[in-house]
Amino acid sequence: SDESFIAYAAAAPNLALIKYWGKRDSRLVLPLNNSISVTLDDQLMRTVTIATASPEFAEDSVELNGKPAEVTDRMRAVLQSLRQRCQRGQDLASWKVRVATRNSFPTAAGLASSSSGFADTLRWLSTVARLGSGSACRSLFAGFAEWSAGQRPDGVDSTASQLASAGHWDLRVLVCVVGAGAKSAPSTQAMARTVATSSLLPARLSCLPDRLAAVREAVAGRDFASLAEMSMRDSNCLHAVCADTYPPVHYLTDASRAIIDFVHRLNEASGRVVLGYTADAGPNVCLLAQPADVHLAAGCLQRAFDIGPVVGDLGEAADNSKVPSGWAGDGSEGATARHRIESLLICRLGRGALDIPQAEAAA
Ligand code: DP6
């Protein structure tokens, strides 16, 4: 109506290849290091947000998947920042806002779901999205994104930008969902504890400039082996730093580690880098693959794991000659238990945050 303002948006999670872990300023959500991510396809995992501002509302409110949620300090900071930048006159800036967000995948399970929720509400400003959740600022962009740590104390130079479009390189991400439970430790608190206690963190930070440069180069030159190796190394480094945190932070489970070992065995048996892996602040492991290898990778996973539904585009039929000869896959001859993968989601790279029509938001 004339007396209210409504915006609809959709976004998908992003997956960090070079992880953001540790802040130089907690209030402004300024990171210690640059990070690089791929934005996933919103067809499989999307967050839809409807934001309504009205003079009728007595207070700001937030609804997550149909249930009222707490308006956190971070959300207040986001709304305050938006109001300051409001260009539609004083009226709108003083109206209270109702934000309703729906996820189509488990929340708080380590796929940066909080990030997509913020990004789609606030997509036009990465510095605003950053105040909601640091990694959110990368979800605004299609394809590959880099968030710069920046140097200024006020954070105005800590912004995200696109490294390459989704069309530049048709990479696939196979999300191995190993547990839909909540994160063992919320990333905000866990990374603060790492900064306060880990003696390995400075070593991580000192090797990141080279790793970031290698990833930028791998993206520009579509060098899969290099991108996969850098991603695997950085994921391992993040979880090592988490283990060095005191008390330690554990995200990976036995099933996550079994997937990681599986990737190394498959790559070794194949004589090339078929897959890479990376895991954020949760037990799910995301595999990176080139389109021609998706079918092969899914087939090998099926041999090695007790695997639930496979969702998404499997690509062309497996060329069996490509399965490494003698590949049993489980690497545990004689062992009894096969680890469970609850579901396998096969994603393309996505389009970033989208302004969507009202009809689509309601669907
Ligand atoms: C492991 O963005 O959730 O996924 O800024 O405190 O909200 P806050 O943290 P958050 O941390 C994400 C950590 C990560 C790595 C990454 O996405 O870069």
# chains A, B, ... in the order shown; residues from 1 in each chain; ligands from 1
call {"tool": "residues_around", "arguments": {"residues": "Arg204 of chain A", "least_positions_apart": "3", "cutoff": "12 Å", "atoms": "only C-alpha atoms", "output": "VMD selection string"}}
result
chain A and resid 18 to 22 32 to 33 194 to 195 198 to 201 207 to 212 233 to 242 244
call {"tool": "write_last_selection", "arguments": {"atoms": "N, CA, C and O atoms", "output": "compact mmCIF listing (two decimals), in the first residue's frame"}}
result
# COMPACT_ATOMS: atom_id res chain seq x y z
N ILE A 18 38.79 -20.16 0.48
CA ILE A 18 39.78 -19.65 1.45
C ILE A 18 38.94 -19.03 2.56
O ILE A 18 38.17 -18.10 2.34
N LYS A 19 39.07 -19.57 3.75
CA LYS A 19 38.13 -19.27 4.84
C LYS A 19 38.41 -17.96 5.55
O LYS A 19 39.57 -17.60 5.76
N TYR A 20 37.33 -17.33 5.93
CA TYR A 20 37.36 -16.20 6.88
C TYR A 20 37.30 -16.82 8.26
O TYR A 20 36.38 -17.56 8.58
N TRP A 21 38.33 -16.55 9.09
CA TRP A 21 38.30 -17.07 10.47
C TRP A 21 39.07 -16.13 11.37
O TRP A 21 40.30 -16.11 11.34
N GLY A 22 38.38 -15.32 12.12
CA GLY A 22 39.01 -14.36 13.03
C GLY A 22 38.71 -12.94 12.60
O GLY A 22 38.73 -12.62 11.41
N LEU A 32 40.29 -10.64 9.84
CA LEU A 32 41.75 -10.59 9.87
C LEU A 32 42.33 -10.88 8.49
O LEU A 32 43.45 -10.50 8.20
N ASN A 33 41.58 -11.60 7.66
CA ASN A 33 42.14 -11.99 6.36
C ASN A 33 41.09 -11.91 5.25
O ASN A 33 39.89 -11.99 5.50
N THR A 194 39.46 -18.67 18.94
CA THR A 194 40.68 -18.97 18.19
C THR A 194 41.64 -17.78 18.26
O THR A 194 42.84 -17.94 18.54
N VAL A 195 41.12 -16.56 18.01
CA VAL A 195 41.97 -15.37 18.03
C VAL A 195 42.61 -15.21 19.41
O VAL A 195 43.79 -14.88 19.53
N SER A 198 44.75 -19.37 20.02
CA SER A 198 45.52 -20.26 19.14
C SER A 198 46.88 -19.69 18.77
O SER A 198 46.98 -18.58 18.25
N SER A 199 47.93 -20.47 19.01
CA SER A 199 49.27 -20.03 18.59
C SER A 199 49.53 -20.43 17.14
O SER A 199 50.52 -20.02 16.55
N LEU A 200 48.65 -21.23 16.55
CA LEU A 200 48.81 -21.57 15.13
C LEU A 200 48.17 -20.53 14.21
O LEU A 200 48.50 -20.47 13.02
N LEU A 201 47.25 -19.71 14.74
CA LEU A 201 46.56 -18.75 13.88
C LEU A 201 47.53 -17.81 13.15
O LEU A 201 47.37 -17.59 11.95
N CYS A 207 50.58 -17.51 5.86
CA CYS A 207 50.65 -18.23 4.58
C CYS A 207 49.47 -17.90 3.66
O CYS A 207 49.44 -18.30 2.50
N LEU A 208 48.50 -17.13 4.16
CA LEU A 208 47.31 -16.86 3.34
C LEU A 208 47.55 -15.99 2.09
O LEU A 208 46.94 -16.25 1.05
N PRO A 209 48.42 -14.94 2.16
CA PRO A 209 48.59 -14.14 0.93
C PRO A 209 48.99 -14.99 -0.28
O PRO A 209 48.44 -14.81 -1.37
N ASP A 210 49.89 -15.93 -0.09
CA ASP A 210 50.31 -16.79 -1.21
C ASP A 210 49.16 -17.67 -1.67
O ASP A 210 48.95 -17.90 -2.87
N ARG A 211 48.42 -18.19 -0.70
CA ARG A 211 47.31 -19.10 -1.04
C ARG A 211 46.20 -18.34 -1.77
O ARG A 211 45.62 -18.85 -2.74
N LEU A 212 45.93 -17.12 -1.31
CA LEU A 212 44.91 -16.30 -1.99
C LEU A 212 45.34 -16.00 -3.43
O LEU A 212 44.53 -16.10 -4.36
N ARG A 233 43.80 -27.67 1.20
CA ARG A 233 44.80 -27.23 2.19
C ARG A 233 44.19 -26.21 3.15
O ARG A 233 44.44 -26.23 4.34
N ASP A 234 43.39 -25.28 2.60
CA ASP A 234 42.86 -24.24 3.48
C ASP A 234 41.80 -24.79 4.43
O ASP A 234 41.71 -24.36 5.58
N SER A 235 41.01 -25.74 3.95
CA SER A 235 40.02 -26.37 4.83
C SER A 235 40.75 -27.11 5.97
O SER A 235 40.41 -26.97 7.15
N ASN A 236 41.77 -27.86 5.60
CA ASN A 236 42.53 -28.59 6.63
C ASN A 236 43.16 -27.61 7.63
O ASN A 236 43.17 -27.85 8.84
N CYS A 237 43.66 -26.49 7.10
CA CYS A 237 44.30 -25.49 7.95
C CYS A 237 43.28 -24.88 8.92
O CYS A 237 43.57 -24.72 10.12
N LEU A 238 42.08 -24.57 8.42
CA LEU A 238 41.04 -24.01 9.30
C LEU A 238 40.73 -24.99 10.44
O LEU A 238 40.66 -24.59 11.61
N HIS A 239 40.54 -26.27 10.09
CA HIS A 239 40.14 -27.22 11.13
C HIS A 239 41.31 -27.54 12.08
O HIS A 239 41.08 -27.87 13.24
N ALA A 240 42.55 -27.36 11.59
CA ALA A 240 43.71 -27.51 12.47
C ALA A 240 43.76 -26.36 13.48
O ALA A 240 44.01 -26.56 14.68
N VAL A 241 43.49 -25.16 13.00
CA VAL A 241 43.48 -23.99 13.88
C VAL A 241 42.34 -24.12 14.90
O VAL A 241 42.48 -23.74 16.07
N CYS A 242 41.23 -24.70 14.46
CA CYS A 242 40.11 -24.94 15.39
C CYS A 242 40.53 -25.94 16.47
O CYS A 242 40.20 -25.76 17.66
N ASP A 244 43.47 -26.31 17.54
CA ASP A 244 44.48 -25.65 18.36
C ASP A 244 43.87 -24.58 19.27
O ASP A 244 44.54 -24.00 20.12
call {"tool": "residues_near_ligand", "arguments": {"ligand": "ligand 1", "cutoff": "9 Å", "atoms": "only C-alpha atoms and all ligand atoms", "output": "number ranges by chain"}}
result
A: 14-23, 26, 29-31, 34-37, 74, 110-115, 130-138, 186-192, 235, 238, 279-282
call {"tool": "residues_around", "arguments": {"residues": "Met232 of chain A", "least_positions_apart": "4", "cutoff": "8 Å", "atoms": "only C-alpha atoms", "output": "list in words"}}
result
Ala228, Asn236, Gly276, Tyr277 and Thr278 of chain A
call {"tool": "atom_distance", "arguments": {"atom1": "atom CA of Lys96 of chain A", "atom2": "atom CA of Ala129 of chain A"}}
result
18.5 Å
call {"tool": "residues_around", "arguments": {"residues": "segment 259-273 of chain A", "least_positions_apart": "5", "cutoff": "12 Å", "atoms": "only C-alpha atoms", "output": "VMD selection string"}}
result
chain A and resid 174 to 178 223 to 230 232 to 233 235 to 236 252 to 254 278 to 279 283 to 290 293 296 to 307 321 to 332 338 to 341
call {"tool": "select_by_dssp", "arguments": {"residues": "segment 202-335 of chain A", "states": "helix (DSSP H, G or I)", "output": "count of residues only"}}
result
74
call {"tool": "residues_around", "arguments": {"residues": "Arg46 of chain A", "least_positions_apart": "3", "cutoff": "7 Å", "atoms": "only C-alpha atoms", "output": "list in words"}}
result
Ala10, Ala11, Ala12, Asp42, Gln43, Asn103 and Ser104 of chain A
call {"tool": "select_by_dssp", "arguments": {"residues": "segment 147-319 of chain A", "states": "strand (DSSP E)", "output": "PyMOL selection string"}}
result
chain A and resi 147+160-164+172-177+275-278+285-289+306-307+310-312
call {"tool": "atom_distance", "arguments": {"atom1": "atom CA of Tyr251 of chain A", "atom2": "atom CA of Ser184 of chain A"}}
result
6.4 Å
call {"tool": "closest_residue", "arguments": {"among": "A:Leu344, A:Leu163, A:Ala220, A:Leu28", "to": "Thr127 of chain A", "atoms": "only C-alpha atoms"}}
result
A:Leu28
call {"tool": "closest_residue", "arguments": {"among": "A:Val249, A:Ile50, A:Val128, A:Ala243", "to": "Leu82 of chain A", "atoms": "only C-alpha atoms"}}
result
A:Val128
call {"tool": "closest_residue", "arguments": {"among": "A:Thr49, A:Ala292, A:Arg152, A:Leu345", "to": "Val310 of chain A", "atoms": "only C-alpha atoms"}}
result
A:Leu345
call {"tool": "residues_around", "arguments": {"residues": "Ser165 of chain A", "least_positions_apart": "5", "cutoff": "7 Å", "atoms": "only C-alpha atoms", "output": "PyMOL selection string"}}
result
chain A and resi 142-144
call {"tool": "closest_residue", "arguments": {"among": "A:Val62, A:Ala145, A:Ala9, A:Leu205", "to": "Val219 of chain A", "atoms": "only C-alpha atoms"}}
result
A:Ala145
